[in-house]
Structure formats: structure tokens, C-alpha cells
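Q: One file: protein38.txt (compact mmCIF, C-alpha atoms and all ligand atoms).
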```txt
# COMPACT_ATOMS: atom_id res chain seq x y z
CA GLU A 260 -47.59 -133.64 188.88
CA GLU A 261 -44.50 -135.83 188.49
CA MET A 262 -42.42 -135.58 191.62
CA VAL A 263 -38.91 -136.94 191.85
CA GLU A 264 -38.05 -137.90 195.37
CA PRO A 265 -34.38 -137.50 196.23
CA ARG A 266 -32.82 -140.89 196.74
CA ARG A 267 -30.10 -141.65 199.20
CA ILE A 268 -26.54 -141.57 197.85
CA ARG A 269 -24.55 -144.66 198.69
CA ALA A 270 -21.04 -145.86 197.99
CA LEU A 271 -20.82 -148.60 195.37
CA HIS A 272 -19.56 -151.93 196.57
CA GLU A 273 -15.81 -152.31 195.94
CA ASP A 274 -16.37 -155.29 193.65
CA VAL A 275 -18.70 -153.24 191.44
CA VAL A 276 -16.17 -150.38 191.24
CA ASN A 277 -13.41 -152.80 190.31
CA LYS A 278 -15.49 -154.50 187.63
CA ILE A 279 -16.45 -151.16 186.09
CA ALA A 280 -12.82 -149.99 186.07
CA ALA A 281 -11.69 -153.30 184.57
CA GLY A 282 -14.25 -153.04 181.78
CA GLU A 283 -12.90 -149.60 180.90
CA ILE A 284 -9.31 -150.79 180.58
CA ILE A 285 -10.02 -154.13 178.94
CA VAL A 286 -12.66 -153.65 176.24
CA ALA A 287 -11.57 -156.56 174.04
CA PRO A 288 -9.15 -159.52 174.44
CA VAL A 289 -6.47 -157.63 172.51
CA HIS A 290 -6.29 -155.02 175.30
CA ALA A 291 -5.53 -157.68 177.91
CA LEU A 292 -2.91 -159.15 175.62
CA LYS A 293 -1.24 -155.78 175.02
CA GLU A 294 -0.83 -155.30 178.78
CA LEU A 295 0.62 -158.80 179.13
CA ILE A 296 3.09 -158.22 176.27
CA GLU A 297 4.22 -154.93 177.80
CA ASN A 298 4.69 -156.60 181.19
CA ALA A 299 6.78 -159.38 179.63
CA VAL A 300 8.96 -156.86 177.80
CA ASP A 301 9.32 -154.78 180.99
CA ALA A 302 10.54 -157.97 182.71
CA GLY A 303 13.49 -158.14 180.29
CA SER A 304 12.23 -161.15 178.31
CA THR A 305 13.92 -162.19 175.08
CA SER A 306 11.20 -164.66 174.16
CA LEU A 307 7.42 -164.31 174.17
CA GLU A 308 5.12 -167.17 173.23
CA ILE A 309 1.45 -166.46 172.85
CA LEU A 310 -1.40 -168.95 172.59
CA VAL A 311 -4.95 -167.93 171.76
CA LYS A 312 -8.20 -169.90 171.91
CA ASP A 313 -11.51 -168.57 170.54
CA GLY A 314 -10.12 -165.14 169.71
CA GLY A 315 -8.79 -164.83 173.26
CA LEU A 316 -12.19 -165.17 174.90
CA LYS A 317 -11.57 -168.77 175.98
CA LEU A 318 -7.82 -168.51 176.56
CA LEU A 319 -5.02 -166.00 176.28
CA GLN A 320 -1.70 -167.40 177.39
CA ILE A 321 1.65 -165.68 177.33
CA THR A 322 4.89 -167.35 178.33
CA ASP A 323 8.03 -165.26 178.78
CA ASN A 324 11.61 -165.85 179.92
CA GLY A 325 11.92 -162.63 181.90
CA CYS A 326 12.94 -161.96 185.49
CA GLY A 327 9.96 -163.70 187.07
CA ILE A 328 8.01 -162.60 190.15
CA LYS A 329 9.18 -163.17 193.71
CA LYS A 330 7.01 -165.62 195.61
CA ASP A 331 6.60 -163.07 198.43
CA ASP A 332 5.04 -160.60 195.98
CA MET A 333 2.48 -163.07 194.68
CA PRO A 334 -0.22 -162.26 197.29
CA ILE A 335 -0.39 -158.59 196.19
CA LEU A 336 0.41 -159.13 192.48
CA CYS A 337 -3.18 -158.58 191.35
CA GLU A 338 -4.23 -155.92 193.79
CA ARG A 339 -5.08 -152.57 192.25
CA PHE A 340 -2.26 -150.01 192.27
CA THR A 341 0.47 -152.49 193.18
CA THR A 342 3.50 -152.07 190.92
CA SER A 343 7.27 -152.44 190.88
CA LYS A 344 7.58 -149.57 188.42
CA LEU A 345 6.34 -146.32 189.96
CA LYS A 346 6.79 -144.87 193.43
CA ALA A 347 6.07 -141.15 193.31
CA PHE A 348 3.77 -139.16 191.03
CA GLU A 349 6.86 -137.32 189.75
CA ASP A 350 8.22 -140.63 188.45
CA LEU A 351 5.65 -140.38 185.68
CA THR A 352 7.97 -137.85 184.02
CA SER A 353 10.90 -140.25 183.77
CA ILE A 354 9.18 -143.60 183.50
CA GLY A 355 10.97 -145.90 181.10
CA THR A 356 8.81 -148.98 181.42
CA TYR A 357 5.54 -149.71 179.63
CA GLY A 358 3.36 -150.22 182.68
CA PHE A 359 3.30 -147.94 185.64
CA ARG A 360 0.05 -147.94 187.47
CA GLY A 361 -0.42 -151.49 188.56
CA GLU A 362 -3.90 -151.84 187.12
CA ALA A 363 -3.62 -154.39 184.35
CA LEU A 364 -3.39 -157.64 186.27
CA ALA A 365 -5.88 -156.39 188.84
CA SER A 366 -8.37 -155.56 186.11
CA ILE A 367 -7.94 -158.90 184.37
CA SER A 368 -8.45 -160.78 187.64
CA HIS A 369 -11.84 -159.10 188.08
CA ILE A 370 -13.22 -160.19 184.70
CA ALA A 371 -11.43 -163.49 183.97
CA HIS A 372 -9.85 -166.55 185.57
CA LEU A 373 -6.20 -165.68 185.92
CA THR A 374 -3.41 -168.18 186.56
CA VAL A 375 0.22 -167.18 187.06
CA THR A 376 3.19 -169.56 187.06
CA THR A 377 6.52 -167.87 187.67
CA LYS A 378 10.13 -168.51 188.61
CA THR A 379 12.94 -166.08 189.41
CA ALA A 380 16.62 -166.95 188.94
CA GLU A 381 17.12 -167.32 192.72
CA SER A 382 14.14 -169.57 193.37
CA SER A 383 14.74 -173.31 193.24
CA CYS A 384 11.27 -174.00 191.89
CA ALA A 385 8.41 -172.25 190.12
CA TRP A 386 5.26 -171.06 191.90
CA LYS A 387 1.75 -171.28 190.60
CA ALA A 388 -1.23 -169.30 191.80
CA GLN A 389 -4.74 -168.45 190.69
CA TYR A 390 -6.40 -165.06 191.17
CA SER A 391 -9.94 -163.86 191.40
CA GLY A 392 -11.18 -160.37 192.20
CA GLY A 393 -7.65 -159.09 192.87
CA LYS A 394 -6.81 -161.80 195.41
CA LEU A 395 -5.23 -165.23 195.53
CA ALA A 396 -7.86 -167.89 195.01
CA PRO A 397 -7.69 -171.68 195.40
CA LEU A 398 -6.62 -173.61 192.28
CA LYS A 399 -9.40 -176.06 193.10
CA PRO A 400 -12.38 -175.59 195.42
CA GLY A 401 -11.54 -176.54 198.98
CA GLN A 402 -7.79 -176.16 198.49
CA SER A 403 -5.65 -173.43 200.01
CA ALA A 404 -5.16 -170.24 197.99
CA GLU A 405 -1.42 -170.14 198.72
CA PRO A 406 0.94 -170.37 195.71
CA LYS A 407 1.95 -173.98 194.99
CA ALA A 408 5.48 -175.13 194.23
CA CYS A 409 5.92 -176.72 190.82
CA ALA A 410 8.55 -177.38 188.16
CA GLY A 411 9.24 -174.65 185.64
CA ARG A 412 11.80 -172.57 183.77
CA GLN A 413 12.75 -169.01 184.67
CA GLY A 414 10.13 -166.51 183.58
CA THR A 415 6.42 -166.11 183.82
CA GLN A 416 3.41 -167.75 182.24
CA ILE A 417 0.10 -165.96 182.51
CA SER A 418 -3.15 -167.61 181.48
CA VAL A 419 -6.32 -165.61 181.13
CA GLU A 420 -9.36 -167.86 180.78
CA ASP A 421 -13.01 -167.08 180.09
CA LEU A 422 -12.55 -163.34 179.70
CA PHE A 423 -15.74 -161.41 180.60
CA TYR A 424 -17.33 -164.56 182.06
CA ASN A 425 -19.00 -162.33 184.65
CA VAL A 426 -19.80 -159.43 182.29
CA PRO A 427 -22.48 -161.06 180.11
CA THR A 428 -23.35 -157.92 178.13
CA ARG A 429 -19.72 -157.47 177.12
CA ARG A 430 -19.31 -161.15 176.33
CA ARG A 431 -22.34 -161.10 174.04
CA ALA A 432 -20.92 -158.11 172.14
CA PHE A 433 -18.28 -160.34 170.51
CA ARG A 434 -19.61 -161.77 167.27
CA SER A 435 -16.62 -163.50 165.79
CA ALA A 436 -13.57 -165.12 167.32
CA SER A 437 -11.63 -164.68 164.10
CA GLU A 438 -12.17 -160.92 164.22
CA GLU A 439 -10.75 -160.82 167.76
CA TYR A 440 -7.86 -163.05 166.71
CA ALA A 441 -7.07 -160.71 163.82
CA LYS A 442 -6.80 -157.79 166.27
CA ILE A 443 -4.52 -159.88 168.48
CA ALA A 444 -2.28 -160.94 165.59
CA ASP A 445 -2.07 -157.31 164.47
CA GLN A 446 -0.99 -156.11 167.93
CA VAL A 447 1.52 -158.97 168.37
CA GLY A 448 2.88 -158.17 164.90
CA ARG A 449 3.46 -154.56 165.92
CA TYR A 450 5.52 -155.50 168.97
CA ALA A 451 7.27 -158.25 166.99
CA VAL A 452 8.48 -155.60 164.53
CA HIS A 453 9.47 -153.11 167.22
CA CYS A 454 11.10 -155.18 169.97
CA LYS A 455 14.60 -155.84 168.69
CA GLY A 456 16.30 -158.74 170.45
CA VAL A 457 13.01 -160.39 171.39
CA ALA A 458 11.59 -163.53 169.78
CA PHE A 459 7.83 -163.68 169.27
CA SER A 460 5.41 -166.40 168.41
CA CYS A 461 1.63 -166.27 168.33
CA LYS A 462 -0.48 -169.36 167.74
CA LYS A 463 -4.12 -170.25 167.56
CA PHE A 464 -4.91 -173.17 169.87
CA GLY A 465 -4.95 -176.46 167.94
CA GLU A 466 -3.06 -175.14 164.93
CA ALA A 467 0.40 -176.45 164.14
CA GLY A 468 2.01 -173.35 162.66
CA ALA A 469 2.40 -169.99 164.31
CA GLY A 470 0.51 -167.00 162.88
CA VAL A 471 3.38 -164.73 163.83
CA ALA A 472 6.93 -166.03 164.30
CA VAL A 473 10.07 -163.94 164.64
CA PRO A 474 13.45 -165.06 166.05
CA ALA A 475 15.28 -162.92 168.62
CA ASN A 476 18.19 -161.99 166.32
CA ALA A 477 16.12 -160.78 163.33
CA THR A 478 16.72 -157.23 162.06
CA VAL A 479 13.80 -154.83 161.92
CA ARG A 480 13.63 -155.23 158.12
CA ASP A 481 13.51 -159.01 158.48
CA ARG A 482 10.88 -158.68 161.20
CA ILE A 483 8.74 -156.73 158.75
CA ARG A 484 9.40 -159.41 156.11
CA MET A 485 8.27 -162.16 158.50
CA VAL A 486 5.27 -160.38 160.00
CA HIS A 487 4.16 -158.75 156.73
CA ASN A 488 5.88 -159.73 153.46
CA SER A 489 8.85 -159.24 151.15
CA ALA A 490 6.92 -156.92 148.83
CA ILE A 491 6.99 -154.43 151.71
CA ALA A 492 10.37 -155.35 153.21
CA ASN A 493 12.16 -154.88 149.85
CA GLU A 494 10.85 -151.37 149.37
CA LEU A 495 11.74 -149.71 152.68
CA ILE A 496 13.88 -146.71 153.33
CA GLU A 497 15.45 -145.87 156.65
CA LEU A 498 14.36 -142.74 158.38
CA GLU A 499 16.05 -140.76 161.13
CA VAL A 500 15.06 -137.36 162.46
CA SER A 501 15.74 -135.60 165.72
CA SER A 502 15.45 -132.19 167.26
CA GLN A 503 16.94 -130.94 170.46
CA MET A 504 14.56 -128.03 170.56
CA PHE A 505 11.52 -130.30 170.59
CA GLY A 506 13.19 -133.02 172.65
CA PHE A 507 12.59 -135.93 170.33
CA LYS A 508 14.22 -138.54 168.18
CA ALA A 509 12.45 -140.57 165.52
CA ASP A 510 13.57 -143.52 163.53
CA GLY A 511 11.81 -145.97 161.36
CA LEU A 512 11.44 -147.79 158.10
CA VAL A 513 8.99 -146.40 155.57
CA SER A 514 7.93 -147.60 152.14
CA ASN A 515 9.37 -145.87 149.06
CA ALA A 516 7.50 -144.64 146.00
CA ASN A 517 7.62 -148.10 144.38
CA TYR A 518 5.27 -149.52 146.97
CA ASN A 519 1.61 -148.75 147.03
CA GLY A 520 -0.68 -150.62 149.35
CA LYS A 521 -4.45 -150.66 149.55
CA LYS A 522 -4.53 -149.36 153.12
CA THR A 523 -2.11 -147.29 155.15
CA SER A 524 -0.17 -149.45 157.60
CA LEU A 525 1.06 -147.25 160.42
CA LEU A 526 3.07 -149.03 163.11
CA LEU A 527 3.55 -146.23 165.59
CA PHE A 528 5.49 -146.40 168.85
CA ILE A 529 5.86 -143.54 171.26
CA ASN A 530 8.49 -144.26 173.87
CA HIS A 531 8.22 -147.94 172.96
CA ARG A 532 4.49 -148.14 173.51
CA SER A 533 2.27 -149.05 170.57
CA VAL A 534 -0.20 -146.18 170.11
CA GLU A 535 -2.66 -144.83 167.57
CA SER A 536 -2.58 -141.30 166.21
CA SER A 537 -5.03 -140.08 163.61
CA ALA A 538 -3.04 -136.82 163.33
CA ILE A 539 0.15 -138.65 162.36
CA LYS A 540 -1.72 -140.99 160.03
CA LYS A 541 -3.34 -138.10 158.19
CA ALA A 542 -0.07 -136.18 157.84
CA VAL A 543 1.74 -139.27 156.55
CA GLU A 544 -0.99 -139.98 153.99
CA GLN A 545 -0.87 -136.40 152.75
CA THR A 546 2.91 -136.63 152.41
CA TYR A 547 2.74 -139.82 150.35
CA ALA A 548 -0.14 -138.60 148.19
CA MET A 549 2.38 -136.55 146.17
CA PHE A 550 4.50 -139.61 145.38
CA LEU A 551 2.09 -142.51 144.98
CA PRO A 552 -0.44 -143.19 142.25
CA LYS A 553 -3.99 -142.20 143.16
CA GLY A 554 -5.33 -144.34 145.99
CA GLY A 555 -1.89 -145.84 146.77
CA LYS A 556 -1.10 -146.09 150.48
CA PRO A 557 2.22 -146.41 152.35
CA PHE A 558 3.66 -148.73 154.98
CA VAL A 559 5.17 -146.75 157.84
CA TYR A 560 6.97 -148.07 160.91
CA LEU A 561 7.86 -145.16 163.14
CA SER A 562 9.41 -145.19 166.59
CA LEU A 563 9.26 -141.82 168.33
CA GLU A 564 11.26 -141.24 171.46
CA ILE A 565 10.16 -138.10 173.20
CA ASP A 566 11.65 -136.65 176.36
CA PRO A 567 9.36 -138.24 179.00
CA ALA A 568 8.96 -134.84 180.65
CA ARG A 569 7.13 -133.67 177.50
CA VAL A 570 4.79 -136.64 177.27
CA ASP A 571 1.58 -137.04 179.20
CA VAL A 572 0.90 -140.76 179.31
CA ASN A 573 -1.61 -140.29 182.07
CA VAL A 574 -4.47 -139.20 179.81
CA HIS A 575 -6.33 -142.47 180.07
CA PRO A 576 -5.81 -145.76 181.90
CA THR A 577 -5.50 -147.66 178.64
CA LYS A 578 -2.58 -145.43 177.58
CA ARG A 579 -3.83 -145.87 174.00
CA GLU A 580 -3.90 -142.12 173.76
CA VAL A 581 -0.72 -140.20 174.40
CA ASN A 582 -0.36 -136.42 174.45
CA PHE A 583 2.95 -134.68 173.87
CA LEU A 584 4.20 -131.14 173.52
CA ASN A 585 4.86 -129.64 170.06
CA GLU A 586 2.96 -132.45 168.36
CA ASP A 587 2.41 -130.40 165.18
CA GLU A 588 6.06 -129.38 164.88
CA ILE A 589 7.28 -132.93 165.46
CA ILE A 590 4.88 -134.37 162.88
CA GLU A 591 6.01 -131.74 160.39
CA LEU A 592 9.71 -132.51 160.90
CA VAL A 593 9.07 -136.23 160.40
CA CYS A 594 7.00 -135.63 157.26
CA ASP A 595 9.62 -133.22 155.86
CA GLU A 596 12.18 -135.98 156.20
CA VAL A 597 9.88 -138.53 154.53
CA ARG A 598 9.30 -136.09 151.67
CA GLU A 599 13.00 -135.48 151.22
CA ARG A 600 13.84 -139.19 151.22
CA LEU A 601 11.04 -140.01 148.78
CA GLY A 602 12.16 -137.14 146.54
CA LYS A 603 15.71 -138.47 146.43
CA VAL A 604 14.61 -141.96 145.45
CA ASP A 605 12.41 -140.43 142.77
CA THR A 606 15.23 -138.45 141.11
CA SER A 607 17.52 -141.47 141.01
CA ARG A 608 14.76 -143.46 139.30
CA THR A 609 14.16 -140.73 136.76
CA PHE A 610 17.89 -140.59 136.14
CA MET A 611 18.05 -144.34 135.62
CA THR A 612 15.20 -144.46 133.15
CA GLN A 613 16.68 -141.56 131.18
CA SER A 614 20.11 -143.14 130.79
P1 LIG B 701 2.24 -152.40 186.07
O1 LIG B 701 2.78 -153.05 184.83
O2 LIG B 701 1.58 -151.09 185.77
O3 LIG B 701 3.22 -152.34 187.19
P2 LIG B 701 0.57 -154.70 186.20
O4 LIG B 701 -0.71 -154.98 186.89
O5 LIG B 701 0.62 -154.86 184.73
O6 LIG B 701 1.00 -153.26 186.60
O7 LIG B 701 1.68 -155.61 186.86
C1 LIG B 701 1.95 -155.52 188.26
C2 LIG B 701 3.35 -155.97 188.60
O8 LIG B 701 3.47 -157.36 188.36
C3 LIG B 701 4.44 -155.33 187.75
O9 LIG B 701 4.87 -154.10 188.29
C4 LIG B 701 5.54 -156.38 187.80
O10 LIG B 701 6.35 -156.22 188.95
C5 LIG B 701 4.79 -157.69 187.95
N1 LIG B 701 4.68 -158.42 186.67
C6 LIG B 701 3.60 -158.48 185.86
N2 LIG B 701 3.83 -159.26 184.78
C7 LIG B 701 5.10 -159.71 184.89
C8 LIG B 701 5.96 -160.56 184.09
N3 LIG B 701 5.53 -161.10 182.94
N4 LIG B 701 7.21 -160.81 184.55
C9 LIG B 701 7.64 -160.27 185.71
N5 LIG B 701 6.90 -159.46 186.51
C10 LIG B 701 5.64 -159.18 186.12
MG MG B 702 1.65 -153.66 183.22
```
Will you turn the file into C-alpha cells for me?
Ligand code: ADP
Ligand code: MG

A:
Amino acid sequence: EEMVEPRRIRALHEDVVNKIAAGEIIVAPVHALKELIENAVDAGSTSLEILVKDGGLKLLQITDNGCGIKKDDMPILCERFTTSKLKAFEDLTSIGTYGFRGEALASISHIAHLTVTTKTAESSCAWKAQYSGGKLAPLKPGQSAEPKACAGRQGTQISVEDLFYNVPTRRRAFRSASEEYAKIADQVGRYAVHCKGVAFSCKKFGEAGAGVAVPANATVRDRIRMVHNSAIANELIELEVSSQMFGFKADGLVSNANYNGKKTSLLLFINHRSVESSAIKKAVEQTYAMFLPKGGKPFVYLSLEIDPARVDVNVHPTKREVNFLNEDEIIELVCDEVRERLGKVDTSRTFMTQS
């Protein structure tokens, strides 16, 4: 009896498409922040200051001292697929920068109020503009949408306000600002450890001290001390592995057998992008299980550089997932090295206690 009448197929309105795409890339404030950090690092910054209000839902602000954005590029800055980093599809195989598809700022502008203040070395003043739905928008109603001249230092400041203001279901999904802030501090901490030569600070709005603070000249070990603690920093061994056959190089700092944490901390970078990998985490935990007391977990900072031709970063717009060739072999080589280094430390300790 039930008849389904075929309905007409229609194209979705562009605004709807853009909002859907934005919601896929930016699920939580931390995802917007990660894109902004990567942009600032791509711009050659040596200082990143981050300010967060209400777990990033009210305000996410990042101030860098990088190359800035040319005033003439400001009108297309937040359009989808506008980028200074990629020209041809083939460039994906040699891309050295974090971003490459020109979607981050566009996405943010569809689901938040976005303000950009920027100054290049050549410009005599800074320029400030607001964006909405991918386009320049007036700073105040009735005003022109054109960028406005203002005073400012070289670099870029990006403010993201009222994230998800027009996506009420997403907005309601956030229960606690402190949970979102914790995710943000964790992600900032990862880049603060990894980005040598770059100073980081991350502050909650209204608080005097910074949650994360690292000066530009700190070593990686000191970065770990500042972001985490001395109990970890004092028990780290350096790791270096490479293989021409598999086209990779790995280095890092990993905890020795004296350290046992409650949870595994895995700070993983693949070609300088912070990523997650359950395969690597599992292999690392298995490796340490032989050296740590039951339930003890390691701290592992690992930076993998893999020949870009062997990495597929195009799996998903968020780039949180990265596929690469010979994953199993590479993981095994890294774990072999960890095992050997842990074994060495172990024998020297046995030797010392015996003498
Ligand atoms: P992508 O990083 O993939 O190119 P984005 O939407 O993140 O796309 O950024 C678009 C462009 O805006 C970048 O290619 C870059 O030229 C410029 N840009 C963004 N953020 C900054 C920044 N902090 N400093 C300088 N330029 C920036
Ligand atoms: Mg980007």
C-alpha cells in the first residue's frame, strides 16, 4: 500500500554545502586551533601566542610574527581552495608545508566570526578585516567590507569568535569548556615540543599565567620539561633510526625503563604534522611492556620524516589520518631501536647494582 513517490533531485545551496564541509573539518575548537598553528608555522613564525576563552567556543586567538598576508590577497583569503602552498595535484607528493588545500580559513569563516589583522615586512601599516561565509564582511554593520589600515607589528593575528554560532546542534554538544581547553592545551603542548626555534604561549582569557610557555631557544628536552615535567625530562633517551629502503628517518626522545607513567603519552609527528596512530601506539606499548613494571606506560616523542612520495596525506580533509607505505616495517624498525636502547640502559643498571 505504501507508495514512495520519487522526489526531484536538486543541488544544495552553496552555503549549506560549505557549512557541512566546515563541520566535517572543524569538529571541536581544537581542530580550528591546530589549523591556525600550522598556518603560523608555515608562515615562518618564531613566536606563537594563543588566547582561549570558554574552551575556545567564545574566542580562539593566535598571534604570530610570521611573513604576514599581502593586502591584495585579503579578499580571497577565506575562499575555499585558495592557497599559497599548492598549485598542481602532483605537488601533493613533495609538499613541505602543513596546509595545502586552502580549506581551513574558509571553513572557519562559515561557522564562526573571523577577524584577521596582518602586516607584511613591505607594508607600512597593518590591515584588519572580518570574514563571514568565505567573504570579506564589514567590521560593523553599515561599514565597508574593505580591509582597514591600522597599527600593528609584522605577522598575523587571527581571532575566531563564537565558533558554531550558526550550528546549534554542534554548539549544544559541548558540555564543558575545561574539557575543550584541555584538548587545546594538549595540542599546543605537542607543537611546543616539536617546533624547535619557535616560542609558544597558551593562556586562558582572564588568567595571569600561561598554561603552556616555551621560549624560542629551548632544546627539545627542555620543551618537554616545560610542557610536561622534570620527572619525564630527566629520564629520556635519544632515538635515531633511518632506512633508505623504506625512505624514512625517525628521531625522538623516549622514556627509559626508570620511568613508568599511568598512561602512554605518544607525541607523534609525521612530516612535522601532529597525527594519531593506534598502530604505532600499540607497538610502542608492547615494546615497553617487557621493560616496565606491570601497568607502567612510557612517554614517547617521535618525529617521523617519510619521503613525501610515500605518504598519502590526502586521505581526509582533517589530515588527522595519514597513510604511508611500509607502515609495518617502519614501525618494527623504530621499535627494534627502542628495544635495543632500553636493553642497553638495563644492563648498565644491573652492572651498577652488582658492583
Ligand atoms: P592552506 O594552509 O591549506 O593554504 P588555509 O585556509 O589554512 O589554507 O590558509 C590559506 C592561505 O592563507 C595560506 O595558503 C596562506 O597563504 C595564508 N595564511 C593563513 N594563515 C596565515 C598566517 N598565519 N600567516 C601568513 N599567511 C597565512
Ligand atoms: Mg592551513

Q: Restricting the calculation to all atoms listed in the file: of A:Leu561, A:Leu336, A:Val473, A:Ala270, which residue gets closest to ligand MG 702 (chain B)?

A: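 Under the stated criterion, the closest residue is A:Leu336.
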
Q: With all atoms listed in the file as the basis for distance, which of A:Lys442, A:Lys455, A:Lys387, A:Arg484 is at the shortest distance from Gly411 (chain A)?

A: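 Of A:Lys442, A:Lys455, A:Lys387, A:Arg484, the one nearest Gly411 (chain A), counting all atoms listed in the file, is A:Lys387.
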
Q: Please identify every polymer residue within 6 Å of ligand LIG 701 (chain B), using all atoms listed in the file, and present the set as a ChimeraX atom specification.

A: /A:298-299,302,325-328,336,341-344,358-365,415

Q: Smallest atom-to-atom distance to Asn515 (chain A): which of A:Ala542, A:Cys454, A:Ala477, A:Val597, using only C-alpha atoms?

A: A:Val597

Q: For Arg430 (chain A), which of A:Ala385, A:Ile285, A:Ala458, A:Leu512 is the closest residue, counting all atoms listed in the file?

A: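 Answer, going by the shortest atom-to-atom distance: A:Ile285.
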
Q: At what distance in Å, to one decimal, does CA of Leu495 (chain A) lie from CA of Val513 (chain A)?

A: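 It comes out at 5.2 Å.
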
Q: For the point (5.8, -133.0, 168.2) in the file's frame, write as a list in words all residues with an atom no more than 10 Å away, counting all atoms listed in the file.

A: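 The residues near that point, listed by chain and number, are Ser502, Phe505, Gly506, Phe507, Ile539, Leu563, Ile565, Arg569, Val570, Asn582, Phe583, Leu584, Asn585, Glu586, Asp587, Glu588, Ile589, Ile590, Glu591, Leu592 and Val593 of chain A.
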
Q: Identify, on the basis of all atoms listed in the file, every residue whose closest approach to Glu497 (chain A) does not exceed 12 Å; exclude the query and any residue fewer than 2 positions from it along the same chain; express the result as a PyMOL selection string.

A: chain A and resi 479-480+492-495+499-500+509-515+559-562+596-597+599-601+604

Q: Taking into account only C-alpha atoms and all ligand atoms, which residue in the set A:Gly282, A:Ser366, A:Asp595, A:Val276 is nearest to ligand MG 702 (chain B)?

A: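 Going through A:Gly282, A:Ser366, A:Asp595, A:Val276 one by one, the smallest distance to ligand MG 702 (chain B) is for A:Ser366.
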
Q: Point out the residue among A:Arg266, A:Arg431, A:Lys462, A:His290 with the least atom-to-atom distance to ligand MG 702 (chain B), counting all atoms listed in the file.

A: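 Smallest separation from ligand MG 702 (chain B) among the options: A:His290.
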
Q: Put the listed atoms of region 492-508 of chain A in a box along x, y and z with 6 Å added on every side and give me the centre and edge lengths in Å to one decimal, as lines of an AutoDock Vina configuration file.

A:
```
center_x = 13.7
center_y = -141.7
center_z = 161.0
size_x = 18.6
size_y = 39.3
size_z = 35.3
```

Q: Counting all atoms listed in the file, I want the residues whose atoms come within 12 Å of (9.5, -164.3, 191.8) in the file frame, returned as a PDB file with C-alpha atoms, keeping the file's coordinate frame.

A:
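Okay, result_10.pdb is ready:
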```pdb
ATOM      1  CA  ALA A 302      10.540-157.970 182.710  1.00  0.00           C
ATOM      2  CA  GLY A 325      11.920-162.630 181.900  1.00  0.00           C
ATOM      3  CA  CYS A 326      12.940-161.960 185.490  1.00  0.00           C
ATOM      4  CA  GLY A 327       9.960-163.700 187.070  1.00  0.00           C
ATOM      5  CA  ILE A 328       8.010-162.600 190.150  1.00  0.00           C
ATOM      6  CA  LYS A 329       9.180-163.170 193.710  1.00  0.00           C
ATOM      7  CA  LYS A 330       7.010-165.620 195.610  1.00  0.00           C
ATOM      8  CA  ASP A 331       6.600-163.070 198.430  1.00  0.00           C
ATOM      9  CA  ASP A 332       5.040-160.600 195.980  1.00  0.00           C
ATOM     10  CA  MET A 333       2.480-163.070 194.680  1.00  0.00           C
ATOM     11  CA  PRO A 334      -0.220-162.260 197.290  1.00  0.00           C
ATOM     12  CA  LEU A 336       0.410-159.130 192.480  1.00  0.00           C
ATOM     13  CA  VAL A 375       0.220-167.180 187.060  1.00  0.00           C
ATOM     14  CA  THR A 376       3.190-169.560 187.060  1.00  0.00           C
ATOM     15  CA  THR A 377       6.520-167.870 187.670  1.00  0.00           C
ATOM     16  CA  LYS A 378      10.130-168.510 188.610  1.00  0.00           C
ATOM     17  CA  THR A 379      12.940-166.080 189.410  1.00  0.00           C
ATOM     18  CA  ALA A 380      16.620-166.950 188.940  1.00  0.00           C
ATOM     19  CA  GLU A 381      17.120-167.320 192.720  1.00  0.00           C
ATOM     20  CA  SER A 382      14.140-169.570 193.370  1.00  0.00           C
ATOM     21  CA  SER A 383      14.740-173.310 193.240  1.00  0.00           C
ATOM     22  CA  CYS A 384      11.270-174.000 191.890  1.00  0.00           C
ATOM     23  CA  ALA A 385       8.410-172.250 190.120  1.00  0.00           C
ATOM     24  CA  TRP A 386       5.260-171.060 191.900  1.00  0.00           C
ATOM     25  CA  LYS A 387       1.750-171.280 190.600  1.00  0.00           C
ATOM     26  CA  ALA A 388      -1.230-169.300 191.800  1.00  0.00           C
ATOM     27  CA  PRO A 406       0.940-170.370 195.710  1.00  0.00           C
ATOM     28  CA  ALA A 408       5.480-175.130 194.230  1.00  0.00           C
ATOM     29  CA  ARG A 412      11.800-172.570 183.770  1.00  0.00           C
ATOM     30  CA  GLN A 413      12.750-169.010 184.670  1.00  0.00           C
ATOM     31  CA  GLY A 414      10.130-166.510 183.580  1.00  0.00           C
ATOM     32  CA  THR A 415       6.420-166.110 183.820  1.00  0.00           C
ATOM     33  CA  GLN A 416       3.410-167.750 182.240  1.00  0.00           C
TER      34      GLN A 416
END
```

Q: Interatomic distance between CA of Ile296 (chain A) and CA of Ala467 (chain A)?

A: 22.1 Å

Q: Determine, using only C-alpha atoms, which residues of region 279-397 of chain A have any atom at most 9 Å from an atom of region 433-440 of chain A, and tabulate each with its shortest atom pair and distance in Å to one decimal place, rows ordered by chain and then rising number, as CSV.

A:
```
residue,atom,partner,partner_atom,distance
A:Ala287,CA,A:Glu439,CA,7.6
A:Pro288,CA,A:Glu439,CA,7.0
A:Val289,CA,A:Glu439,CA,7.1
A:Val311,CA,A:Tyr440,CA,7.6
A:Lys312,CA,A:Ala436,CA,8.5
A:Asp313,CA,A:Ala436,CA,5.1
A:Gly314,CA,A:Ala436,CA,4.2
A:Gly315,CA,A:Tyr440,CA,6.9
A:Leu316,CA,A:Ala436,CA,7.7
```

Q: May I ask for the distance between CA of Ala404 (chain A) and CA of Ile370 (chain A), given in Å to one decimal place?

A: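 CA of Ile370 (chain A) lies 18.5 Å from CA of Ala404 (chain A).
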